[in-house]
$ cat work-v5.cif   # mmCIF, C-alpha atoms
data_upload
loop_
_atom_site.label_atom_id
_atom_site.label_comp_id
_atom_site.auth_asym_id
_atom_site.auth_seq_id
_atom_site.Cartn_x
_atom_site.Cartn_y
_atom_site.Cartn_z
CA MET A 539 0.00 0.00 0.00
CA ALA A 540 2.84 2.39 0.83
CA GLU A 541 4.53 1.70 -2.51
CA PHE A 542 1.27 2.28 -4.38
CA ALA A 543 0.62 5.49 -2.43
CA HIS A 544 4.08 6.71 -3.43
CA GLY A 545 3.26 6.20 -7.10
CA LYS A 546 5.02 2.93 -7.87
CA PRO A 547 3.36 1.20 -10.88
CA LEU A 548 1.14 -1.74 -9.93
CA GLU A 549 2.99 -4.01 -12.33
CA THR A 550 6.16 -3.64 -10.25
CA ILE A 551 4.69 -4.11 -6.75
CA ALA A 552 5.24 -7.61 -5.36
CA GLY A 553 2.06 -9.10 -3.89
CA ALA A 554 -0.31 -6.88 -5.86
CA CYS A 555 -3.23 -8.28 -7.86
CA PHE A 556 -5.14 -6.20 -10.39
CA ARG A 557 -7.35 -6.35 -13.47
CA LYS A 558 -5.84 -5.53 -16.85
CA ASP A 559 -7.62 -5.85 -20.21
CA GLY A 560 -10.36 -7.89 -18.53
CA LYS A 561 -7.97 -10.38 -16.97
CA ILE A 562 -6.67 -10.78 -13.42
CA VAL A 563 -2.93 -10.25 -13.04
CA MET A 564 -1.20 -11.64 -9.95
CA ASN A 565 2.33 -10.41 -9.33
CA THR A 566 5.00 -12.45 -7.60
CA GLN A 567 4.40 -13.14 -3.93
CA ARG A 568 5.66 -10.60 -1.45
CA PRO A 569 8.03 -11.79 1.31
CA GLN A 570 6.34 -12.03 4.69
CA LEU A 571 7.25 -9.53 7.38
CA HIS A 572 9.15 -10.84 10.40
CA THR A 573 10.05 -9.33 13.75
CA ALA A 574 12.34 -6.50 12.60
CA GLU A 575 9.92 -5.40 9.86
CA LEU A 576 6.87 -5.74 12.12
CA ASP A 577 8.52 -3.68 14.84
CA ALA A 578 9.27 -0.97 12.27
CA LEU A 579 5.57 -0.50 11.41
CA PRO A 580 3.67 2.39 13.03
CA PHE A 581 1.47 1.48 16.00
CA ALA A 582 -2.18 0.97 15.08
CA THR A 583 -3.16 2.69 18.31
CA ASP A 584 -1.60 5.95 17.11
CA ALA A 585 -4.22 5.96 14.34
CA TYR A 586 -6.91 4.98 16.87
CA LYS A 587 -6.02 8.02 19.00
CA ARG A 588 -6.31 10.26 15.99
CA ASP A 589 -9.43 8.82 14.36
CA LEU A 590 -11.30 6.32 16.56
CA GLN A 591 -14.01 6.87 19.16
CA ILE A 592 -13.58 3.63 21.09
CA ASP A 593 -16.79 4.12 23.10
CA ARG A 594 -18.86 3.52 19.94
CA TYR A 595 -17.80 -0.12 19.56
CA ASN A 596 -19.00 -3.08 21.58
CA VAL A 597 -18.25 -6.81 21.68
CA PRO A 598 -20.48 -8.69 24.15
CA PHE A 599 -17.73 -10.77 25.79
CA LEU A 600 -15.24 -7.88 26.13
CA LEU A 601 -15.30 -5.05 28.66
CA HIS A 602 -16.53 -1.76 27.26
CA PRO A 603 -14.80 0.29 26.03
CA PHE A 604 -11.86 -1.75 24.79
CA VAL A 605 -8.94 -1.34 22.38
CA SER A 606 -7.79 -4.13 20.07
CA PHE A 607 -4.53 -4.73 18.19
CA TYR A 608 -2.24 -7.56 17.01
CA THR A 609 1.07 -8.74 18.46
CA THR A 610 1.69 -11.52 15.90
CA ARG A 611 0.75 -12.60 12.39
CA GLY A 612 -0.12 -16.05 11.09
CA CYS A 613 -1.02 -19.30 12.83
CA PRO A 614 0.84 -22.62 12.62
CA ALA A 615 -2.30 -24.65 13.36
CA MET A 616 -3.76 -26.56 10.40
CA CYS A 617 -7.53 -26.33 11.11
CA THR A 618 -9.19 -27.07 7.77
CA PHE A 619 -12.00 -24.52 8.16
CA CYS A 620 -10.00 -21.50 9.34
CA MET A 621 -9.85 -18.80 6.69
CA TRP A 622 -7.16 -16.42 7.99
CA PRO A 623 -3.96 -18.52 7.83
CA GLN A 624 -5.09 -20.26 4.64
CA THR A 625 -6.02 -17.15 2.67
CA ILE A 626 -4.41 -14.10 4.30
CA SER A 627 -1.79 -14.37 7.02
CA GLY A 628 -0.19 -17.75 6.35
CA HIS A 629 0.82 -20.59 8.66
CA ALA A 630 4.20 -19.06 9.49
CA TRP A 631 3.86 -17.54 12.97
CA ARG A 632 5.66 -14.20 13.06
CA THR A 633 5.98 -12.05 16.16
CA ARG A 634 6.53 -8.49 17.16
CA SER A 635 9.20 -8.22 19.84
CA VAL A 636 8.07 -8.23 23.45
CA ASP A 637 9.42 -4.73 24.08
CA ASN A 638 7.64 -3.39 21.00
CA VAL A 639 4.30 -4.80 22.22
CA VAL A 640 4.86 -3.46 25.74
CA GLN A 641 5.54 0.02 24.36
CA GLU A 642 2.27 0.02 22.43
CA VAL A 643 0.45 -1.11 25.57
CA LYS A 644 1.97 1.80 27.52
CA ASN A 645 0.92 4.22 24.78
CA THR A 646 -2.60 2.78 24.74
CA LEU A 647 -3.00 3.18 28.49
CA GLU A 648 -1.97 6.82 28.12
CA TYR A 649 -4.13 7.51 25.07
CA PHE A 650 -7.34 5.95 26.39
CA PRO A 651 -7.76 6.42 30.17
CA GLN A 652 -11.43 5.38 29.83
CA MET A 653 -10.47 1.99 28.35
CA LYS A 654 -11.36 -1.06 30.47
CA GLU A 655 -9.26 -3.65 28.66
CA ILE A 656 -6.98 -4.42 25.72
CA PHE A 657 -7.86 -7.29 23.40
CA PHE A 658 -4.94 -8.97 21.63
CA ASP A 659 -6.63 -10.14 18.43
CA ASP A 660 -3.82 -12.42 17.19
CA ASP A 661 -4.89 -15.61 15.43
CA THR A 662 -3.52 -17.40 18.50
CA PHE A 663 -1.80 -15.33 21.18
CA ASN A 664 -0.46 -18.23 23.29
CA ILE A 665 1.23 -20.36 20.61
CA ARG A 666 4.64 -20.08 22.28
CA ARG A 667 4.80 -20.58 26.03
CA ASP A 668 7.96 -18.57 26.75
CA ARG A 669 6.68 -15.50 24.87
CA ALA A 670 3.30 -15.57 26.60
CA ILE A 671 5.01 -15.76 29.99
CA GLU A 672 7.52 -13.00 29.20
CA LEU A 673 4.80 -10.67 27.95
CA SER A 674 2.68 -11.38 31.01
CA GLN A 675 5.58 -10.63 33.36
CA LYS A 676 6.15 -7.27 31.66
CA PHE A 677 2.42 -6.50 31.68
CA LYS A 678 2.15 -7.10 35.44
CA PRO A 679 3.58 -3.77 36.69
CA LEU A 680 1.37 -1.88 34.22
CA LYS A 681 -1.71 -3.13 36.11
CA PHE A 682 -4.25 -3.39 33.29
CA GLN A 683 -6.77 -6.01 32.19
CA TRP A 684 -6.47 -7.81 28.88
CA SER A 685 -8.04 -10.59 26.86
CA CYS A 686 -6.80 -12.61 23.89
CA THR A 687 -7.40 -15.52 21.57
CA ALA A 688 -5.93 -18.81 22.79
CA ARG A 689 -5.60 -22.50 22.06
CA CYS A 690 -6.26 -25.01 24.80
CA HIS A 691 -2.70 -26.37 24.98
CA SER A 692 -1.43 -24.00 27.71
CA LYS A 693 -0.54 -25.63 31.04
CA TYR A 694 -1.08 -24.34 34.56
CA GLU A 695 2.25 -22.50 34.94
CA GLU A 696 1.69 -20.47 31.78
CA LEU A 697 -1.94 -19.72 32.66
CA LYS A 698 -0.94 -18.61 36.17
CA ALA A 699 1.66 -16.23 34.75
CA MET A 700 -0.90 -14.80 32.32
CA ALA A 701 -3.46 -14.34 35.10
CA ASP A 702 -0.86 -12.61 37.28
CA GLY A 703 -0.10 -10.33 34.33
CA GLY A 704 -3.70 -9.16 34.04
CA ALA A 705 -5.30 -11.72 31.70
CA ARG A 706 -9.06 -11.62 32.23
CA LEU A 707 -10.54 -13.74 29.42
CA PHE A 708 -9.54 -16.08 26.59
CA ILE A 709 -11.46 -16.69 23.35
CA VAL A 710 -10.94 -20.39 22.66
CA GLY A 711 -12.08 -22.44 19.68
CA PHE A 712 -13.11 -25.80 21.15
CA GLU A 713 -15.23 -26.43 17.99
CA SER A 714 -16.64 -29.87 18.89
CA GLY A 715 -16.98 -32.37 21.70
CA ASP A 716 -16.55 -35.29 19.30
CA PRO A 717 -12.97 -36.66 19.09
CA GLN A 718 -13.33 -37.84 15.48
CA ILE A 719 -14.58 -34.46 14.26
CA LEU A 720 -11.55 -32.80 15.87
CA LYS A 721 -9.37 -35.21 13.90
CA ASN A 722 -11.35 -34.59 10.70
CA ILE A 723 -10.67 -30.85 10.87
CA LYS A 724 -6.99 -31.26 11.93
CA LYS A 725 -7.65 -29.29 15.10
CA GLY A 726 -4.51 -30.46 16.86
CA ALA A 727 -6.37 -30.56 20.17
CA THR A 728 -8.41 -33.13 22.07
CA VAL A 729 -11.39 -33.08 24.40
CA GLU A 730 -9.04 -34.14 27.22
CA MET A 731 -6.84 -31.10 26.57
CA ALA A 732 -9.92 -28.86 26.66
CA ARG A 733 -11.04 -30.29 29.99
CA GLU A 734 -7.63 -29.77 31.61
CA PHE A 735 -7.34 -26.27 30.14
CA MET A 736 -10.74 -25.20 31.49
CA LYS A 737 -9.98 -26.68 34.89
CA ASN A 738 -6.74 -24.68 35.11
CA CYS A 739 -8.34 -21.46 33.79
CA LYS A 740 -10.93 -21.64 36.55
CA LYS A 741 -8.17 -22.34 39.07
CA VAL A 742 -6.23 -19.19 38.14
CA GLY A 743 -9.33 -17.04 37.63
CA ILE A 744 -9.30 -16.52 33.84
CA LYS A 745 -12.70 -16.54 32.15
CA VAL A 746 -13.22 -18.31 28.83
CA HIS A 747 -15.47 -17.46 25.90
CA GLY A 748 -15.85 -20.80 24.11
CA ASP A 749 -16.41 -21.09 20.37
CA PHE A 750 -18.20 -24.13 18.93
CA ILE A 751 -19.16 -25.08 15.36
CA ILE A 752 -22.12 -27.13 14.12
CA GLY A 753 -21.87 -28.93 10.78
CA LEU A 754 -18.19 -29.84 10.45
CA PRO A 755 -17.29 -33.05 8.55
CA GLY A 756 -18.51 -36.03 10.54
CA GLU A 757 -21.36 -34.14 12.20
CA THR A 758 -24.52 -36.08 13.03
CA LYS A 759 -27.48 -35.43 15.30
CA GLU A 760 -25.70 -37.53 17.91
CA THR A 761 -22.42 -35.57 17.73
CA ILE A 762 -24.37 -32.31 18.03
CA ASN A 763 -25.88 -33.61 21.27
CA ASN A 764 -22.44 -34.71 22.45
CA THR A 765 -20.98 -31.26 21.80
CA ILE A 766 -23.80 -29.54 23.67
CA GLU A 767 -23.18 -31.77 26.68
CA PHE A 768 -19.44 -31.22 26.37
CA ALA A 769 -19.92 -27.45 26.37
CA LYS A 770 -22.08 -27.65 29.48
CA GLU A 771 -19.38 -29.75 31.13
CA LEU A 772 -16.69 -27.17 30.29
CA ASP A 773 -19.03 -24.42 31.53
CA CYS A 774 -17.35 -21.44 29.83
CA GLU A 775 -18.36 -17.97 30.95
CA THR A 776 -19.99 -17.34 27.56
CA ILE A 777 -20.17 -19.21 24.26
CA GLN A 778 -20.55 -18.62 20.55
CA VAL A 779 -22.08 -21.29 18.33
CA SER A 780 -21.44 -21.02 14.60
CA LEU A 781 -22.52 -22.93 11.53
CA ALA A 782 -19.69 -24.53 9.59
CA HIS A 783 -18.82 -22.32 6.61
CA ALA A 784 -16.53 -23.61 3.89
CA MET A 785 -14.87 -20.39 2.79
CA PRO A 786 -13.17 -20.34 -0.63
CA GLY A 787 -9.45 -20.91 -0.31
CA THR A 788 -9.73 -23.27 2.66
CA GLU A 789 -9.16 -27.02 2.77
CA LEU A 790 -12.72 -27.45 4.04
CA HIS A 791 -14.07 -25.69 0.94
CA ASP A 792 -12.08 -27.99 -1.34
CA GLN A 793 -13.35 -31.02 0.57
CA MET A 794 -17.00 -29.93 0.56
CA SER A 795 -16.82 -29.00 -3.13
CA LYS A 796 -15.34 -32.39 -4.02
CA ASP A 797 -17.98 -34.25 -2.03
CA GLY A 798 -20.86 -32.11 -3.32
CA PHE A 799 -22.05 -30.79 0.02
CA LEU A 800 -22.17 -27.03 -0.74
CA ARG A 801 -25.82 -26.21 -0.97
CA VAL A 802 -26.77 -22.55 -0.58
CA GLU A 803 -26.02 -19.21 -2.18
CA ALA A 804 -26.18 -16.84 0.78
CA LEU A 805 -23.76 -17.27 3.68
CA ALA A 806 -25.70 -14.79 5.81
CA ASP A 807 -29.09 -13.08 6.00
CA SER A 808 -29.65 -9.36 5.48
CA GLY A 809 -28.68 -8.75 9.12
CA GLY A 810 -25.33 -10.49 8.75
CA HIS A 811 -26.37 -13.61 10.67
CA GLN A 812 -25.15 -16.98 9.44
CA LEU A 813 -27.19 -19.23 7.20
CA PRO A 814 -26.33 -22.91 6.63
CA HIS A 815 -23.86 -23.27 3.80
CA ILE A 816 -23.29 -27.05 3.88
CA GLU A 817 -25.75 -29.95 3.81
CA TYR A 818 -25.11 -33.68 4.23
CA PRO A 819 -27.42 -36.49 3.10
CA HIS A 820 -27.85 -37.49 6.75
CA LEU A 821 -28.00 -33.93 8.19
CA SER A 822 -30.06 -31.17 6.61
CA LYS A 823 -29.51 -27.43 6.85
CA ALA A 824 -32.60 -27.20 9.04
CA ASP A 825 -31.13 -29.88 11.35
CA MET A 826 -27.97 -27.83 11.76
CA MET A 827 -29.79 -24.54 12.39
CA GLU A 828 -31.96 -26.37 14.92
CA GLY A 829 -28.78 -27.61 16.55
CA VAL A 830 -27.44 -24.06 16.89
CA ASN A 831 -30.71 -22.84 18.42
CA ARG A 832 -30.95 -25.73 20.84
CA PHE A 833 -27.27 -25.32 21.78
CA TYR A 834 -27.86 -21.73 22.90
CA ASP A 835 -31.12 -22.59 24.67
CA GLU A 836 -29.73 -25.53 26.61
CA TYR A 837 -26.58 -23.64 27.54
CA TYR A 838 -27.84 -20.19 28.51
CA PHE A 839 -31.21 -21.05 30.00
CA ARG A 840 -29.58 -22.96 32.84
CA PRO A 841 -30.32 -20.98 36.04
CA ARG A 842 -26.70 -20.76 37.21
CA VAL A 843 -25.52 -19.45 33.84
CA ALA A 844 -28.30 -16.86 33.61
CA TRP A 845 -27.49 -15.72 37.15
CA ARG A 846 -23.77 -15.56 36.39
CA ILE A 847 -24.44 -13.13 33.56
CA VAL A 848 -27.08 -11.04 35.34
CA ARG A 849 -25.25 -10.61 38.64
CA GLU A 850 -22.43 -8.65 37.01
CA ALA A 851 -24.95 -6.07 35.80
CA LEU A 852 -26.79 -5.63 39.11
CA TRP A 853 -24.57 -2.83 40.41
CA ASP A 854 -23.47 -1.35 37.09
CA SER A 855 -25.99 0.71 35.13
CA HIS A 856 -23.79 0.67 32.02
CA GLU A 857 -23.62 -3.12 32.07
CA ARG A 858 -27.39 -3.37 32.68
CA LYS A 859 -28.05 -1.26 29.60
CA ARG A 860 -25.64 -3.31 27.53
CA LEU A 861 -27.06 -6.61 28.79
CA TYR A 862 -30.59 -5.48 27.94
CA HIS A 863 -29.51 -4.58 24.41
CA GLU A 864 -27.70 -7.91 23.92
CA ALA A 865 -30.60 -9.92 25.38
CA THR A 866 -33.25 -8.30 23.20
CA SER A 867 -31.10 -8.75 20.08
CA PHE A 868 -30.48 -12.40 20.96
CA LEU A 869 -34.16 -13.19 21.60
CA LYS A 870 -35.17 -11.55 18.32
CA LEU A 871 -32.57 -13.53 16.38
CA ARG A 872 -33.57 -16.70 18.26
CA ALA A 873 -37.20 -16.27 17.17
CA GLU A 874 -36.15 -15.73 13.54
CA ARG A 875 -33.93 -18.82 13.59
CA TRP A 876 -36.64 -21.03 15.03
CA LYS A 877 -39.06 -19.74 12.36
CA TRP A 878 -36.46 -20.62 9.69
CA VAL A 879 -36.18 -24.14 11.13
CA ARG A 880 -39.97 -24.65 11.26
CA GLN A 881 -40.18 -23.67 7.60
CA GLY A 882 -37.48 -26.19 6.75
CA GLY A 883 -35.01 -23.59 5.49
CA ASP A 884 -34.50 -22.84 1.80
CA ILE A 885 -34.17 -26.54 1.02
CA ASP A 886 -35.23 -26.14 -2.61
CA LYS A 887 -32.64 -23.45 -3.36
CA THR A 888 -29.59 -25.45 -4.41
CA ILE A 889 -27.60 -23.06 -6.54
CA ILE A 890 -23.98 -24.15 -6.20
CA SER A 891 -23.26 -26.71 -8.87
CA VAL A 892 -20.41 -29.02 -7.95
CA PRO A 893 -19.39 -31.65 -10.49
CA GLY A 894 -18.51 -35.16 -9.42
CA ALA A 895 -20.48 -35.15 -6.19
CA SER A 896 -20.09 -38.38 -4.29
CA SER A 897 -22.37 -40.24 -1.93
CA VAL A 898 -21.79 -39.98 1.79
CA SER A 899 -22.31 -42.24 4.77
CA GLY A 900 -23.32 -41.21 8.25
CA ASN A 901 -19.69 -41.46 9.35
CA ASP A 902 -18.20 -39.03 6.81
#
$ encode --input "work-v5.cif" --output "structure tokens"
Amino acid sequence: MAEFAHGKPLETIAGACFRKDGKIVMNTQRPQLHTAELDALPFATDAYKRDLQIDRYNVPFLLHPFVSFYTTRGCPAMCTFCMWPQTISGHAWRTRSVDNVVQEVKNTLEYFPQMKEIFFDDDTFNIRRDRAIELSQKFKPLKFQWSCTARCHSKYEELKAMADGGARLFIVGFESGDPQILKNIKKGATVEMAREFMKNCKKVGIKVHGDFIIGLPGETKETINNTIEFAKELDCETIQVSLAHAMPGTELHDQMSKDGFLRVEALADSGGHQLPHIEYPHLSKADMMEGVNRFYDEYYFRPRVAWRIVREALWDSHERKRLYHEATSFLKLRAERWKWVRQGGDIDKTIISVPGASSVSGND
């Protein structure tokens, strides 16, 4: 972008793609940036201070207002469904130096005194144990709260160091409670790892927002039930349940295209909410949407979970207002989803034509 802004011709910019005479031209790949180059980039938070009103943005599981930025690029994990490392950032995990990250944190604390937490939006913040511990140790004297994305491989010592350094919450992709599905998607994690991770997070006082996916390869009505029970066993602070989406450029998309399971044109409704994108002979789109709805109902309508969420808003008028907004939005979406399920979804609208579709068994 800098080269283009300085007037360099597109044809000579590595990594650029453009249309010429009706055809797409893709230049040679651009070398990835590593620590020295990443440290040399301007801080995103300098632009935030200049242009961003952080109070206008809200994410339900983060404290409001928050500031978000990246400390790394890429992710070495091989999850077949994950779009970012397969289409944008790559599997090579590249880091900013610890001191560079700490300096941006210090700037952020100065720029935004009203901020309640920093969210490190790396693909996976805790990939390397020694770096996570070193960052946490340098965060500790700054006395601020932070949250981040995480995989469930971290052990107690690392989690304790992160908690001592101000870690409040992790966003963790557990995806499924079925061991075979985790293997099918090359998750590189097991249900046993998830159980130990959650046990240790609760021990050190770090909350977890758990992400789960309905409709991954191998999904059945039985595995959906297993995942719901698994989620209730883990008992994360909050959860997000998504429909499996096979995004172009991912291994999952290639697999679903080959097997003929892509079934619908729209990935989302007019409000940006997910619509089923995949359908199996043994599991319809309506079955999967019903699974998402039931997942949320069975998880959040447990008395202890409802109380856990409400009690934090009892003495905070700002949180009460936010909770009311989130609850009304959720209940409206819930009603629309259940209506979609009762109508059977758009089962007659098969618009993606995939040649060579194969049959499938209940175990695929």
$ resolve_selection --input "work-v5.cif" --expression "the PyMOL selection byres ((chain A and resi 821) around 9)" --output "JSON, numbers by chain"
{"A": [753, 757, 758, 759, 817, 818, 819, 820, 822, 823, 824, 825, 826, 900]}
$ resolve_selection --input "work-v5.cif" --expression "the PyMOL selection byres ((chain A and resi 833) around 9)" --output "list in words"
Ile762, Asn763, Thr765, Ile766, Ala769, Val779, Glu828, Gly829, Val830, Asn831, Arg832, Tyr834, Asp835, Glu836, Tyr837 and Tyr838 of chain A
$ closest_residue --input "work-v5.cif" --among "A:Val639, A:Ile592, A:Ala732, A:Ala705" --to "Gln652 (chain A)" --atoms "all atoms listed in the file"
A:Ile592
$ atom_distance --input "work-v5.cif" --atom1 "CA of Phe839 (chain A)" --atom2 "CA of Glu874 (chain A)"
18.0 Å
$ residues_near_point --input "work-v5.cif" --point "(-13.4, -33.7, 14.5)" --cutoff "12 Å" --atoms "all atoms listed in the file" --output "PyMOL selection string"
chain A and resi 617-619+712-729+750-758+761-762+765+901-902
$ atom_distance --input "work-v5.cif" --atom1 "CA of Leu805 (chain A)" --atom2 "CA of His791 (chain A)"
13.1 Å
$ closest_residue --input "work-v5.cif" --among "A:Arg588, A:Lys698, A:His856, A:Arg875" --to "Met827 (chain A)" --atoms "all atoms listed in the file"
A:Arg875
$ resolve_selection --input "work-v5.cif" --expression "the PyMOL selection byres ((chain A and resi 672) around 12)" --output "MDAnalysis selection string"
chainID A and resid 635:637 639:640 664 666:671 673:678 696 699:700 702:703
$ residues_around --input "work-v5.cif" --residues "Ile551 (chain A)" --least-positions-apart "6" --cutoff "8 Å" --atoms "all atoms listed in the file" --output "ChimeraX atom specification"
/A:541-542,565
